[in-house]
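Chemist: Encoded as C-alpha coordinates, here's the structure I'll be asking about.
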There are 2 protein chains.
Amino acid sequence: MTTLTGVTDSATAKGEQTRELILSTALRLFREQGYGKTTMRAIATEAGVSVGNAYYYFGSKEHLMQAYYDHLQAQHQEVVDTILAEEKVFTRRLGGVLHSWLEVARPYHEFAGTFFKTAAEPTSPLSPFSEQSKPAREASVAVFRQVVDGSDLKLPAELKAELPELLWLMQMGIVLFWVHDDSQDLRRTRALIDRSVPLVDRLLRLTRIPGVRGVVNDIVGLVRSVKP
Amino acid sequence: MTTLTGVTDSATAKGEQTRELILSTALRLFREQGYGKTTMRAIATEAGVSVGNAYYYFGSKEHLMQAYYDHLQAQHQEVVDTILAEEKVFTRRLGGVLHSWLEVARPYHEFAGTFFKTAAEPTSPLSPFSEQSKPAREASVAVFRQVVDGSDLKLPAELKAELPELLWLMQMGIVLFWVHDDSQDLRRTRALIDRSVPLVDRLLRLTRIPGVRGVVNDIVGLVRSVKP
DNA sequence: CCTCAATTTTGAACATGTTCAAGTAGGGGC
DNA sequence: GCCCCTACTTGAACATGTTCAAAATTGAGG
(Lines give C-alpha, C1' and ligand atoms only; values in the text may rest on other atoms or scores of the structure.)
Protein backbone atom coordinates (compact mmCIF):
# COMPACT_ATOMS: atom_id res chain seq x y z
CA MET A 1 0.00 0.00 0.00
CA THR A 2 1.74 3.16 -1.14
CA THR A 3 0.24 6.58 -0.75
CA LEU A 4 1.39 10.05 -1.70
CA THR A 5 1.98 11.12 1.87
CA GLY A 6 4.74 9.01 3.28
CA VAL A 7 4.07 10.31 6.75
CA THR A 8 0.57 9.01 7.16
CA ASP A 9 1.33 5.91 5.16
CA SER A 10 2.29 3.54 7.93
CA ALA A 11 -0.12 5.25 10.28
CA THR A 12 -3.06 4.36 8.10
CA ALA A 13 -1.65 1.02 7.09
CA LYS A 14 -2.95 -0.77 10.15
CA GLY A 15 -6.37 0.76 9.92
CA GLU A 16 -6.51 0.16 6.21
CA GLN A 17 -5.82 -3.49 6.78
CA THR A 18 -8.60 -3.81 9.31
CA ARG A 19 -10.91 -1.96 6.97
CA GLU A 20 -10.18 -4.38 4.17
CA LEU A 21 -10.69 -7.33 6.48
CA ILE A 22 -14.08 -6.12 7.60
CA LEU A 23 -15.13 -5.28 4.07
CA SER A 24 -14.14 -8.59 2.55
CA THR A 25 -15.76 -10.49 5.39
CA ALA A 26 -18.95 -8.51 4.92
CA LEU A 27 -19.04 -9.10 1.17
CA ARG A 28 -18.48 -12.81 1.68
CA LEU A 29 -21.27 -13.07 4.21
CA PHE A 30 -23.57 -11.00 2.04
CA ARG A 31 -22.97 -13.41 -0.80
CA GLU A 32 -23.28 -16.51 1.37
CA GLN A 33 -26.40 -15.66 3.28
CA GLY A 34 -27.81 -12.52 1.76
CA TYR A 35 -27.78 -8.96 3.04
CA GLY A 36 -30.77 -9.21 5.33
CA LYS A 37 -29.60 -12.28 7.18
CA THR A 38 -26.09 -11.00 7.68
CA THR A 39 -25.89 -9.18 11.00
CA MET A 40 -23.31 -6.63 11.93
CA ARG A 41 -22.46 -8.84 14.88
CA ALA A 42 -21.80 -11.75 12.55
CA ILE A 43 -19.56 -9.63 10.35
CA ALA A 44 -17.61 -8.37 13.33
CA THR A 45 -17.24 -11.79 14.90
CA GLU A 46 -16.23 -13.43 11.66
CA ALA A 47 -13.68 -10.71 11.01
CA GLY A 48 -12.39 -11.01 14.56
CA VAL A 49 -13.15 -7.44 15.59
CA SER A 50 -15.74 -5.77 17.76
CA VAL A 51 -19.02 -4.44 16.47
CA GLY A 52 -18.04 -0.90 17.31
CA ASN A 53 -14.89 -1.27 15.29
CA ALA A 54 -16.87 -2.08 12.16
CA TYR A 55 -18.74 1.15 12.73
CA TYR A 56 -15.47 2.99 13.09
CA TYR A 57 -14.69 2.20 9.46
CA PHE A 58 -18.17 2.05 7.98
CA GLY A 59 -20.81 4.48 9.10
CA SER A 60 -23.56 1.95 8.61
CA LYS A 61 -24.41 -1.40 7.17
CA GLU A 62 -25.44 0.40 4.01
CA HIS A 63 -21.98 1.85 3.67
CA LEU A 64 -20.65 -1.68 3.42
CA MET A 65 -23.07 -2.12 0.56
CA GLN A 66 -21.82 1.05 -1.08
CA ALA A 67 -18.29 -0.30 -0.87
CA TYR A 68 -19.48 -3.43 -2.61
CA TYR A 69 -20.96 -1.35 -5.37
CA ASP A 70 -17.69 0.48 -5.92
CA HIS A 71 -15.95 -2.85 -6.08
CA LEU A 72 -18.38 -4.14 -8.64
CA GLN A 73 -18.03 -1.07 -10.78
CA ALA A 74 -14.26 -1.27 -10.81
CA GLN A 75 -14.50 -4.88 -11.93
CA HIS A 76 -16.90 -3.92 -14.67
CA GLN A 77 -14.65 -1.15 -15.87
CA GLU A 78 -11.86 -3.66 -16.41
CA VAL A 79 -13.99 -5.97 -18.48
CA VAL A 80 -15.36 -3.03 -20.42
CA ASP A 81 -11.87 -1.88 -21.37
CA THR A 82 -11.13 -5.26 -22.87
CA ILE A 83 -14.34 -5.37 -24.82
CA LEU A 84 -14.20 -1.84 -26.16
CA ALA A 85 -10.62 -2.24 -27.30
CA GLU A 86 -11.65 -4.93 -29.75
CA GLU A 87 -15.07 -3.91 -30.94
CA LYS A 88 -16.00 -0.84 -32.97
CA VAL A 89 -19.59 -1.50 -33.98
CA PHE A 90 -21.92 0.52 -31.78
CA THR A 91 -24.51 -2.15 -31.14
CA ARG A 92 -21.91 -4.70 -30.19
CA ARG A 93 -20.15 -2.25 -27.92
CA LEU A 94 -23.35 -1.36 -26.13
CA GLY A 95 -24.53 -4.95 -25.92
CA GLY A 96 -21.15 -6.07 -24.67
CA VAL A 97 -21.09 -3.49 -21.93
CA LEU A 98 -24.58 -4.33 -20.75
CA HIS A 99 -24.12 -8.10 -20.87
CA SER A 100 -20.79 -7.94 -19.12
CA TRP A 101 -22.39 -5.99 -16.32
CA LEU A 102 -24.79 -8.87 -15.83
CA GLU A 103 -21.84 -11.21 -15.70
CA VAL A 104 -19.94 -9.21 -13.13
CA ALA A 105 -22.97 -8.61 -10.95
CA ARG A 106 -24.27 -12.15 -11.13
CA PRO A 107 -22.95 -13.38 -7.77
CA TYR A 108 -24.82 -10.57 -6.09
CA HIS A 109 -28.12 -10.85 -7.87
CA GLU A 110 -29.88 -12.43 -4.93
CA PHE A 111 -29.34 -9.58 -2.57
CA ALA A 112 -29.12 -6.82 -5.12
CA GLY A 113 -32.69 -5.96 -4.28
CA THR A 114 -31.57 -4.72 -0.93
CA PHE A 115 -29.03 -2.52 -2.58
CA PHE A 116 -31.64 -1.03 -4.81
CA LYS A 117 -33.88 -0.54 -1.87
CA THR A 118 -31.38 1.72 -0.20
CA ALA A 119 -30.43 3.31 -3.48
CA ALA A 120 -33.99 4.39 -4.13
CA GLU A 121 -34.13 6.44 -0.96
CA PRO A 122 -33.40 10.02 -1.95
CA THR A 123 -31.90 10.98 1.38
CA SER A 124 -29.53 8.06 1.28
CA PRO A 125 -25.96 8.79 0.31
CA LEU A 126 -26.21 5.63 -1.77
CA SER A 127 -28.84 7.07 -4.06
CA PRO A 128 -27.46 7.14 -7.59
CA PHE A 129 -28.72 10.70 -7.81
CA SER A 130 -27.14 11.92 -4.61
CA GLU A 131 -24.24 14.30 -4.37
CA GLN A 132 -22.11 11.75 -2.57
CA SER A 133 -22.35 9.16 -5.27
CA LYS A 134 -21.51 11.67 -7.96
CA PRO A 135 -18.07 10.21 -8.59
CA ALA A 136 -19.47 6.71 -8.99
CA ARG A 137 -22.23 8.00 -11.22
CA GLU A 138 -19.83 9.92 -13.40
CA ALA A 139 -17.59 6.92 -13.73
CA SER A 140 -20.60 4.97 -14.83
CA VAL A 141 -21.62 7.56 -17.39
CA ALA A 142 -18.04 7.68 -18.58
CA VAL A 143 -18.30 4.04 -19.58
CA PHE A 144 -21.07 4.91 -21.96
CA ARG A 145 -19.15 7.87 -23.28
CA GLN A 146 -16.42 5.38 -24.12
CA VAL A 147 -19.01 3.24 -25.86
CA VAL A 148 -20.24 6.14 -27.97
CA ASP A 149 -16.96 7.87 -28.70
CA GLY A 150 -15.05 4.87 -29.86
CA SER A 151 -17.83 3.59 -32.06
CA ASP A 152 -18.79 3.90 -35.71
CA LEU A 153 -21.87 5.90 -34.74
CA LYS A 154 -22.58 9.05 -36.76
CA LEU A 155 -24.73 11.52 -34.93
CA PRO A 156 -25.40 15.24 -34.58
CA ALA A 157 -23.01 16.64 -31.99
CA GLU A 158 -25.74 17.74 -29.62
CA LEU A 159 -27.28 14.33 -29.39
CA LYS A 160 -23.93 12.62 -29.22
CA ALA A 161 -23.01 14.72 -26.22
CA GLU A 162 -26.17 13.81 -24.37
CA LEU A 163 -26.26 10.17 -25.41
CA PRO A 164 -24.01 8.72 -22.70
CA GLU A 165 -26.31 10.05 -20.03
CA LEU A 166 -29.30 8.58 -21.81
CA LEU A 167 -27.62 5.22 -22.11
CA TRP A 168 -26.82 5.37 -18.43
CA LEU A 169 -30.51 5.88 -17.76
CA MET A 170 -31.23 2.94 -20.00
CA GLN A 171 -28.90 0.83 -17.93
CA MET A 172 -30.64 1.97 -14.76
CA GLY A 173 -33.85 0.68 -16.25
CA ILE A 174 -32.25 -2.61 -17.18
CA VAL A 175 -30.82 -2.98 -13.71
CA LEU A 176 -34.22 -2.32 -12.24
CA PHE A 177 -35.57 -5.07 -14.45
CA TRP A 178 -32.69 -7.34 -13.51
CA VAL A 179 -33.36 -6.87 -9.83
CA HIS A 180 -36.88 -8.15 -10.33
CA ASP A 181 -35.89 -10.90 -12.74
CA ASP A 182 -36.06 -14.34 -11.19
CA SER A 183 -36.05 -16.25 -14.47
CA GLN A 184 -33.69 -19.16 -14.98
CA ASP A 185 -30.18 -17.89 -15.71
CA LEU A 186 -31.52 -14.35 -16.09
CA ARG A 187 -32.92 -15.25 -19.47
CA ARG A 188 -35.44 -12.44 -19.43
CA THR A 189 -32.93 -9.71 -18.71
CA ARG A 190 -30.67 -11.04 -21.44
CA ALA A 191 -33.60 -10.99 -23.83
CA LEU A 192 -34.39 -7.45 -22.80
CA ILE A 193 -30.87 -6.35 -23.62
CA ASP A 194 -30.80 -8.21 -26.90
CA ARG A 195 -33.99 -6.57 -28.03
CA SER A 196 -33.25 -3.12 -26.64
CA VAL A 197 -29.84 -2.61 -28.15
CA PRO A 198 -30.82 -2.85 -31.83
CA LEU A 199 -33.87 -0.79 -31.00
CA VAL A 200 -31.72 2.01 -29.65
CA ASP A 201 -29.62 1.77 -32.77
CA ARG A 202 -32.62 2.14 -35.02
CA LEU A 203 -33.97 4.99 -32.95
CA LEU A 204 -30.70 6.83 -33.31
CA ARG A 205 -30.71 6.36 -37.07
CA LEU A 206 -34.21 7.78 -37.21
CA THR A 207 -32.85 11.14 -36.19
CA ARG A 208 -31.88 11.63 -39.80
CA ILE A 209 -35.50 11.97 -40.80
CA PRO A 210 -36.31 15.69 -40.81
CA GLY A 211 -39.63 15.40 -38.97
CA VAL A 212 -37.97 13.48 -36.21
CA ARG A 213 -35.15 15.91 -35.71
CA GLY A 214 -37.28 18.45 -33.87
CA VAL A 215 -38.57 15.97 -31.37
CA VAL A 216 -35.10 14.70 -30.68
CA ASN A 217 -33.93 18.21 -29.99
CA ASP A 218 -36.79 18.61 -27.57
CA ILE A 219 -35.83 15.44 -25.82
CA VAL A 220 -32.24 16.55 -25.54
CA GLY A 221 -33.43 19.88 -24.21
CA LEU A 222 -35.65 18.19 -21.66
CA VAL A 223 -32.90 15.93 -20.41
CA ARG A 224 -30.53 18.83 -20.20
CA SER A 225 -32.96 21.00 -18.27
CA VAL A 226 -33.66 18.21 -15.86
CA LYS A 227 -30.09 17.34 -15.07
CA PRO A 228 -28.91 19.80 -12.40
CA MET B 1 -70.48 0.42 8.35
CA THR B 2 -72.72 -1.87 6.35
CA THR B 3 -71.49 -5.05 4.81
CA LEU B 4 -73.11 -7.71 2.67
CA THR B 5 -72.99 -10.34 5.35
CA GLY B 6 -75.19 -9.19 8.15
CA VAL B 7 -73.92 -11.93 10.41
CA THR B 8 -70.29 -10.92 10.46
CA ASP B 9 -71.19 -7.27 10.34
CA SER B 10 -71.22 -6.50 14.03
CA ALA B 11 -68.47 -9.04 14.60
CA THR B 12 -66.06 -7.23 12.33
CA ALA B 13 -67.35 -3.79 13.19
CA LYS B 14 -65.29 -3.50 16.34
CA GLY B 15 -62.09 -4.67 14.72
CA GLU B 16 -62.68 -2.54 11.67
CA GLN B 17 -63.01 0.49 13.87
CA THR B 18 -59.77 -0.21 15.68
CA ARG B 19 -58.10 -0.79 12.34
CA GLU B 20 -59.24 2.58 11.05
CA LEU B 21 -58.12 4.25 14.25
CA ILE B 22 -54.65 2.81 14.03
CA LEU B 23 -54.36 3.63 10.34
CA SER B 24 -55.47 7.24 10.65
CA THR B 25 -53.21 7.77 13.62
CA ALA B 26 -50.29 6.34 11.73
CA LEU B 27 -50.91 8.50 8.66
CA ARG B 28 -51.18 11.60 10.83
CA LEU B 29 -47.92 10.84 12.60
CA PHE B 30 -46.20 10.01 9.32
CA ARG B 31 -47.25 13.39 8.00
CA GLU B 32 -46.36 15.26 11.19
CA GLN B 33 -42.96 13.79 11.87
CA GLY B 34 -42.07 11.66 8.89
CA TYR B 35 -42.00 7.92 8.46
CA GLY B 36 -38.61 7.28 9.99
CA LYS B 37 -39.23 9.20 13.17
CA THR B 38 -42.63 7.67 13.77
CA THR B 39 -42.24 4.59 15.93
CA MET B 40 -44.72 1.78 16.16
CA ARG B 41 -44.85 2.46 19.88
CA ALA B 42 -45.82 6.05 19.23
CA ILE B 43 -48.56 5.02 16.84
CA ALA B 44 -49.92 2.50 19.33
CA THR B 45 -49.80 4.88 22.26
CA GLU B 46 -51.35 7.74 20.33
CA ALA B 47 -54.12 5.46 19.09
CA GLY B 48 -54.65 4.13 22.59
CA VAL B 49 -53.87 0.52 21.80
CA SER B 50 -50.99 -1.83 22.45
CA VAL B 51 -48.10 -2.35 20.08
CA GLY B 52 -49.11 -5.94 19.50
CA ASN B 53 -52.56 -4.83 18.52
CA ALA B 54 -51.22 -2.68 15.73
CA TYR B 55 -49.43 -5.75 14.43
CA TYR B 56 -52.66 -7.70 14.63
CA TYR B 57 -54.10 -5.45 11.92
CA PHE B 58 -50.98 -4.54 9.98
CA GLY B 59 -48.29 -7.10 9.39
CA SER B 60 -45.57 -4.50 9.50
CA LYS B 61 -44.86 -0.83 9.50
CA GLU B 62 -44.57 -1.05 5.74
CA HIS B 63 -48.10 -2.35 5.52
CA LEU B 64 -49.26 0.88 7.08
CA MET B 65 -47.44 2.61 4.28
CA GLN B 66 -49.15 0.40 1.74
CA ALA B 67 -52.49 1.38 3.22
CA TYR B 68 -51.52 4.99 2.80
CA TYR B 69 -50.72 4.37 -0.82
CA ASP B 70 -54.11 2.82 -1.44
CA HIS B 71 -55.69 5.81 0.23
CA LEU B 72 -53.75 8.21 -1.96
CA GLN B 73 -54.67 6.36 -5.10
CA ALA B 74 -58.36 6.37 -4.28
CA GLN B 75 -58.17 10.12 -3.72
CA HIS B 76 -56.43 10.57 -7.03
CA GLN B 77 -59.00 8.49 -8.84
CA GLU B 78 -61.71 10.85 -7.64
CA VAL B 79 -59.93 13.94 -8.87
CA VAL B 80 -59.12 12.21 -12.14
CA ASP B 81 -62.78 11.44 -12.76
CA THR B 82 -63.65 15.09 -12.44
CA ILE B 83 -60.89 16.20 -14.76
CA LEU B 84 -61.48 13.60 -17.44
CA ALA B 85 -65.19 14.29 -17.54
CA GLU B 86 -64.56 17.83 -18.73
CA GLU B 87 -61.50 17.60 -20.91
CA LYS B 88 -61.15 15.78 -24.20
CA VAL B 89 -57.80 16.99 -25.54
CA PHE B 90 -55.18 14.32 -24.96
CA THR B 91 -52.37 16.56 -23.75
CA ARG B 92 -54.61 18.31 -21.26
CA ARG B 93 -55.99 15.02 -20.00
CA LEU B 94 -52.54 13.60 -19.48
CA GLY B 95 -51.18 16.78 -17.95
CA GLY B 96 -54.18 17.07 -15.68
CA VAL B 97 -53.80 13.55 -14.41
CA LEU B 98 -50.11 13.96 -13.72
CA HIS B 99 -50.39 17.36 -12.08
CA SER B 100 -53.32 16.31 -9.94
CA TRP B 101 -51.28 13.40 -8.67
CA LEU B 102 -48.68 15.89 -7.46
CA GLU B 103 -51.43 17.79 -5.72
CA VAL B 104 -52.87 14.77 -3.96
CA ALA B 105 -49.50 13.43 -2.93
CA ARG B 106 -48.09 16.75 -1.79
CA PRO B 107 -48.63 16.31 1.95
CA TYR B 108 -46.61 13.15 1.82
CA HIS B 109 -43.73 14.34 -0.29
CA GLU B 110 -41.34 14.53 2.61
CA PHE B 111 -41.54 10.89 3.54
CA ALA B 112 -42.41 9.55 0.11
CA GLY B 113 -38.79 8.54 -0.25
CA THR B 114 -39.29 5.90 2.36
CA PHE B 115 -42.20 4.55 0.43
CA PHE B 116 -40.14 4.31 -2.68
CA LYS B 117 -37.42 2.67 -0.76
CA THR B 118 -39.63 -0.20 0.19
CA ALA B 119 -41.27 -0.23 -3.21
CA ALA B 120 -37.97 -0.77 -4.94
CA GLU B 121 -37.31 -3.98 -3.07
CA PRO B 122 -38.38 -6.80 -5.37
CA THR B 123 -39.24 -9.19 -2.56
CA SER B 124 -41.45 -6.62 -0.89
CA PRO B 125 -45.18 -7.01 -1.36
CA LEU B 126 -45.19 -3.25 -1.82
CA SER B 127 -43.16 -3.41 -4.99
CA PRO B 128 -45.22 -1.99 -7.83
CA PHE B 129 -44.19 -5.03 -9.84
CA SER B 130 -45.16 -7.60 -7.26
CA GLU B 131 -48.06 -9.99 -7.51
CA GLN B 132 -49.65 -8.60 -4.37
CA SER B 133 -49.84 -5.06 -5.63
CA LYS B 134 -51.31 -6.18 -8.93
CA PRO B 135 -54.75 -4.75 -8.15
CA ALA B 136 -53.27 -1.38 -7.24
CA ARG B 137 -51.09 -1.42 -10.32
CA GLU B 138 -53.96 -2.29 -12.58
CA ALA B 139 -56.09 0.44 -11.10
CA SER B 140 -53.26 2.81 -11.82
CA VAL B 141 -52.90 1.65 -15.41
CA ALA B 142 -56.66 1.91 -15.77
CA VAL B 143 -56.41 5.63 -15.09
CA PHE B 144 -54.23 6.02 -18.13
CA ARG B 145 -56.51 3.85 -20.20
CA GLN B 146 -59.22 6.33 -19.29
CA VAL B 147 -56.95 9.14 -20.39
CA VAL B 148 -56.33 7.52 -23.77
CA ASP B 149 -59.76 6.12 -24.51
CA GLY B 150 -61.74 9.25 -23.82
CA SER B 151 -59.37 11.49 -25.72
CA ASP B 152 -59.21 12.85 -29.26
CA LEU B 153 -56.08 10.79 -29.92
CA LYS B 154 -55.96 8.89 -33.20
CA LEU B 155 -53.59 5.96 -33.13
CA PRO B 156 -53.05 2.51 -34.58
CA ALA B 157 -54.93 -0.01 -32.45
CA GLU B 158 -51.82 -1.91 -31.41
CA LEU B 159 -50.09 1.13 -30.02
CA LYS B 160 -53.28 2.43 -28.46
CA ALA B 161 -53.66 -0.82 -26.56
CA GLU B 162 -50.15 -0.66 -25.18
CA LEU B 163 -50.10 3.06 -24.51
CA PRO B 164 -51.69 3.06 -21.04
CA GLU B 165 -48.96 0.81 -19.74
CA LEU B 166 -46.33 3.04 -21.27
CA LEU B 167 -47.88 6.13 -19.71
CA TRP B 168 -47.93 4.34 -16.39
CA LEU B 169 -44.21 3.74 -16.78
CA MET B 170 -43.81 7.40 -17.59
CA GLN B 171 -45.56 8.28 -14.37
CA MET B 172 -43.28 5.94 -12.46
CA GLY B 173 -40.40 7.91 -13.86
CA ILE B 174 -41.97 11.20 -12.89
CA VAL B 175 -42.67 9.93 -9.39
CA LEU B 176 -39.06 8.86 -9.10
CA PHE B 177 -38.05 12.36 -10.10
CA TRP B 178 -40.57 13.84 -7.69
CA VAL B 179 -39.20 11.84 -4.82
CA HIS B 180 -35.79 13.36 -5.40
CA ASP B 181 -37.11 16.85 -6.11
CA ASP B 182 -36.46 19.27 -3.28
CA SER B 183 -37.03 22.43 -5.31
CA GLN B 184 -39.32 25.15 -4.01
CA ASP B 185 -42.96 24.16 -4.49
CA LEU B 186 -41.89 21.21 -6.63
CA ARG B 187 -41.15 23.57 -9.49
CA ARG B 188 -38.82 21.14 -11.20
CA THR B 189 -41.25 18.26 -11.26
CA ARG B 190 -43.95 20.56 -12.61
CA ALA B 191 -41.59 21.70 -15.31
CA LEU B 192 -40.76 18.09 -16.14
CA ILE B 193 -44.43 17.31 -16.62
CA ASP B 194 -45.08 20.43 -18.65
CA ARG B 195 -42.25 19.59 -21.01
CA SER B 196 -42.86 15.85 -21.16
CA VAL B 197 -46.54 15.91 -22.02
CA PRO B 198 -46.31 17.78 -25.34
CA LEU B 199 -43.26 15.72 -26.13
CA VAL B 200 -45.22 12.52 -25.75
CA ASP B 201 -47.91 13.98 -27.92
CA ARG B 202 -45.43 14.80 -30.67
CA LEU B 203 -43.84 11.38 -30.39
CA LEU B 204 -47.19 9.74 -30.85
CA ARG B 205 -47.92 11.82 -33.92
CA LEU B 206 -44.59 10.77 -35.39
CA THR B 207 -45.89 7.24 -35.69
CA ARG B 208 -47.60 8.36 -38.89
CA ILE B 209 -44.26 8.67 -40.63
CA PRO B 210 -43.63 5.37 -42.45
CA GLY B 211 -40.01 4.98 -41.36
CA VAL B 212 -41.00 5.40 -37.77
CA ARG B 213 -43.78 2.86 -37.83
CA GLY B 214 -41.44 -0.11 -37.77
CA VAL B 215 -39.55 1.07 -34.75
CA VAL B 216 -42.74 1.75 -32.89
CA ASN B 217 -43.91 -1.76 -33.59
CA ASP B 218 -40.64 -3.05 -32.23
CA ILE B 219 -41.07 -1.01 -29.10
CA VAL B 220 -44.58 -2.30 -28.64
CA GLY B 221 -43.31 -5.82 -29.17
CA LEU B 222 -40.54 -5.33 -26.66
CA VAL B 223 -42.86 -3.98 -24.01
CA ARG B 224 -45.29 -6.80 -24.62
CA SER B 225 -42.61 -9.48 -24.39
CA VAL B 226 -41.29 -8.00 -21.18
CA LYS B 227 -44.60 -7.74 -19.38
CA PRO B 228 -45.35 -11.18 -17.92
C1' DC C 1 12.79 4.56 27.52
C1' DC C 2 9.00 8.04 28.64
C1' DT C 3 5.21 11.01 27.39
C1' DC C 4 1.49 12.44 25.02
C1' DA C 5 -1.77 13.01 21.57
C1' DA C 6 -4.01 10.75 17.93
C1' DT C 7 -5.80 6.64 16.31
C1' DT C 8 -8.00 2.53 16.98
C1' DT C 9 -10.70 -0.87 19.61
C1' DT C 10 -14.01 -2.40 22.83
C1' DG C 11 -18.52 -3.97 24.53
C1' DA C 12 -22.27 -2.59 27.05
C1' DA C 13 -26.27 0.24 26.44
C1' DC C 14 -29.87 2.03 23.53
C1' DA C 15 -33.78 2.38 20.01
C1' DT C 16 -37.00 0.27 17.54
C1' DG C 17 -39.37 -3.21 14.47
C1' DT C 18 -41.33 -7.62 15.43
C1' DT C 19 -43.02 -11.92 17.79
C1' DC C 20 -45.64 -14.60 20.87
C1' DA C 21 -47.68 -16.88 24.80
C1' DA C 22 -51.05 -15.53 27.60
C1' DG C 23 -55.13 -13.15 28.70
C1' DT C 24 -59.92 -10.93 27.79
C1' DA C 25 -64.47 -10.30 25.62
C1' DG C 26 -68.43 -11.57 23.59
C1' DG C 27 -71.74 -14.41 21.56
C1' DG C 28 -73.94 -18.91 20.11
C1' DG C 29 -75.37 -23.52 21.66
C1' DC C 30 -77.03 -26.27 25.28
C1' DG D 1 -76.43 -19.73 33.42
C1' DC D 2 -72.50 -22.18 31.76
C1' DC D 3 -69.24 -23.63 28.23
C1' DC D 4 -66.57 -22.94 24.41
C1' DC D 5 -64.89 -20.95 20.42
C1' DT D 6 -63.43 -17.18 17.82
C1' DA D 7 -61.84 -12.62 17.63
C1' DC D 8 -59.29 -9.49 19.73
C1' DT D 9 -55.84 -7.39 22.98
C1' DT D 10 -51.84 -7.16 25.83
C1' DG D 11 -47.02 -6.25 27.11
C1' DA D 12 -42.89 -8.39 27.92
C1' DA D 13 -39.23 -10.50 25.33
C1' DC D 14 -36.37 -10.72 21.29
C1' DA D 15 -33.28 -9.35 17.24
C1' DT D 16 -30.52 -6.24 15.32
C1' DG D 17 -28.69 -1.65 13.69
C1' DT D 18 -26.37 2.01 16.05
C1' DT D 19 -24.03 4.94 19.64
C1' DC D 20 -20.64 6.21 22.91
C1' DA D 21 -17.64 6.72 26.81
C1' DA D 22 -13.85 4.49 28.13
C1' DA D 23 -9.79 1.62 27.36
C1' DA D 24 -5.98 0.06 24.58
C1' DT D 25 -2.58 0.80 21.07
C1' DT D 26 0.54 3.31 18.31
C1' DG D 27 4.11 6.24 16.83
C1' DA D 28 6.60 10.66 17.04
C1' DG D 29 9.37 13.74 19.79
C1' DG D 30 12.29 14.35 23.59
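The way I read the labels, and the way they are meant: chains A, B, ... in the order of the C-alpha coordinates, residue 1 as the first residue of every chain, and ligand 1 as the first ligand shown, with later ones counted on from there.
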Might you pull out every residue within 12 Å of segment 14-22 of chain C, with only C-alpha atoms (C1' of nucleotides) counted and same-chain residues fewer than 3 positions away left off, and present them as a count of residues only?

Modeler: 30

Chemist: So that I can check the surroundings of Ala139 of chain B, please list as a list in words every protein, DNA and RNA residue that reaches within 9 Å of it, counting only C-alpha atoms (C1' of nucleotides) and ignoring chain neighbours fewer than 4 positions away.

Modeler: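 Returned residues: Gln73, Gln77, Lys134, Pro135 and Val143 of chain B.
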
Chemist: Chain B residues within 6 Å of chain A, counting only C-alpha atoms: which ones, as a list in words?

Modeler: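 Result, ordered by chain then number: Gly113, Lys117, Ala120, Glu121, Pro122 and His180 of chain B.
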
Chemist: Using only C-alpha atoms (C1' of nucleotides), which of the listed residues (C:DA12, C:DC30, C:DC4, C:DA25) sits closest to chain B?

Modeler: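 Smallest separation from chain B among the options: C:DA25.
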
Chemist: List every residue of segment 29-160 of chain A that DSSP, applied to the backbone of this structure, places in helix (DSSP H, G or I), and write the result as a PyMOL selection string.

Modeler: chain A and resi 29-33+40-47+51-57+61-86+90-120+134-149+157-160

Chemist: Residues of chain C within 9 Å of chain A, using only C-alpha atoms (C1' of nucleotides), as number ranges by chain?

Modeler: C: 7-11

Chemist: What's the 8 Å shell around Leu23 of chain B, counting only C-alpha atoms (C1' of nucleotides), without same-chain residues fewer than 3 positions away, as a PyMOL selection string?

Modeler: chain B and resi 19-20+26-27+64+67

Chemist: Please, could you write that set of residues out with N, CA and C atoms as a CSV table (one decimal), in the first residue's frame?

Modeler:
```csv
chain,number,residue,atom,x,y,z
B,19,ARG,N,-59.0,-0.8,13.5
B,19,ARG,CA,-58.1,-0.8,12.3
B,19,ARG,C,-58.0,0.6,11.8
B,20,GLU,N,-59.2,1.2,11.6
B,20,GLU,CA,-59.2,2.6,11.1
B,20,GLU,C,-58.5,3.6,12.0
B,26,ALA,N,-51.6,6.5,12.4
B,26,ALA,CA,-50.3,6.3,11.7
B,26,ALA,C,-50.1,7.4,10.6
B,27,LEU,N,-51.1,7.6,9.8
B,27,LEU,CA,-50.9,8.5,8.7
B,27,LEU,C,-50.7,9.9,9.2
B,64,LEU,N,-48.6,-0.4,6.8
B,64,LEU,CA,-49.3,0.9,7.1
B,64,LEU,C,-49.0,1.8,5.9
B,67,ALA,N,-51.1,0.9,3.0
B,67,ALA,CA,-52.5,1.4,3.2
B,67,ALA,C,-52.6,2.8,2.8
```

Chemist: Near Glu87 of chain A, counting only C-alpha atoms (C1' of nucleotides), which residues have an atom at most 12 Å away, once you skip same-chain residues fewer than 3 positions from it, shown as a VMD selection string?

Modeler: chain A and resid 80 to 84 90 to 97 146 to 148 150 to 152

Chemist: Rounded to one decimal, what separation in Å do you get between atom CA of Trp168 of chain A and atom CA of Gly34 of chain A?

Modeler: 27.0 Å
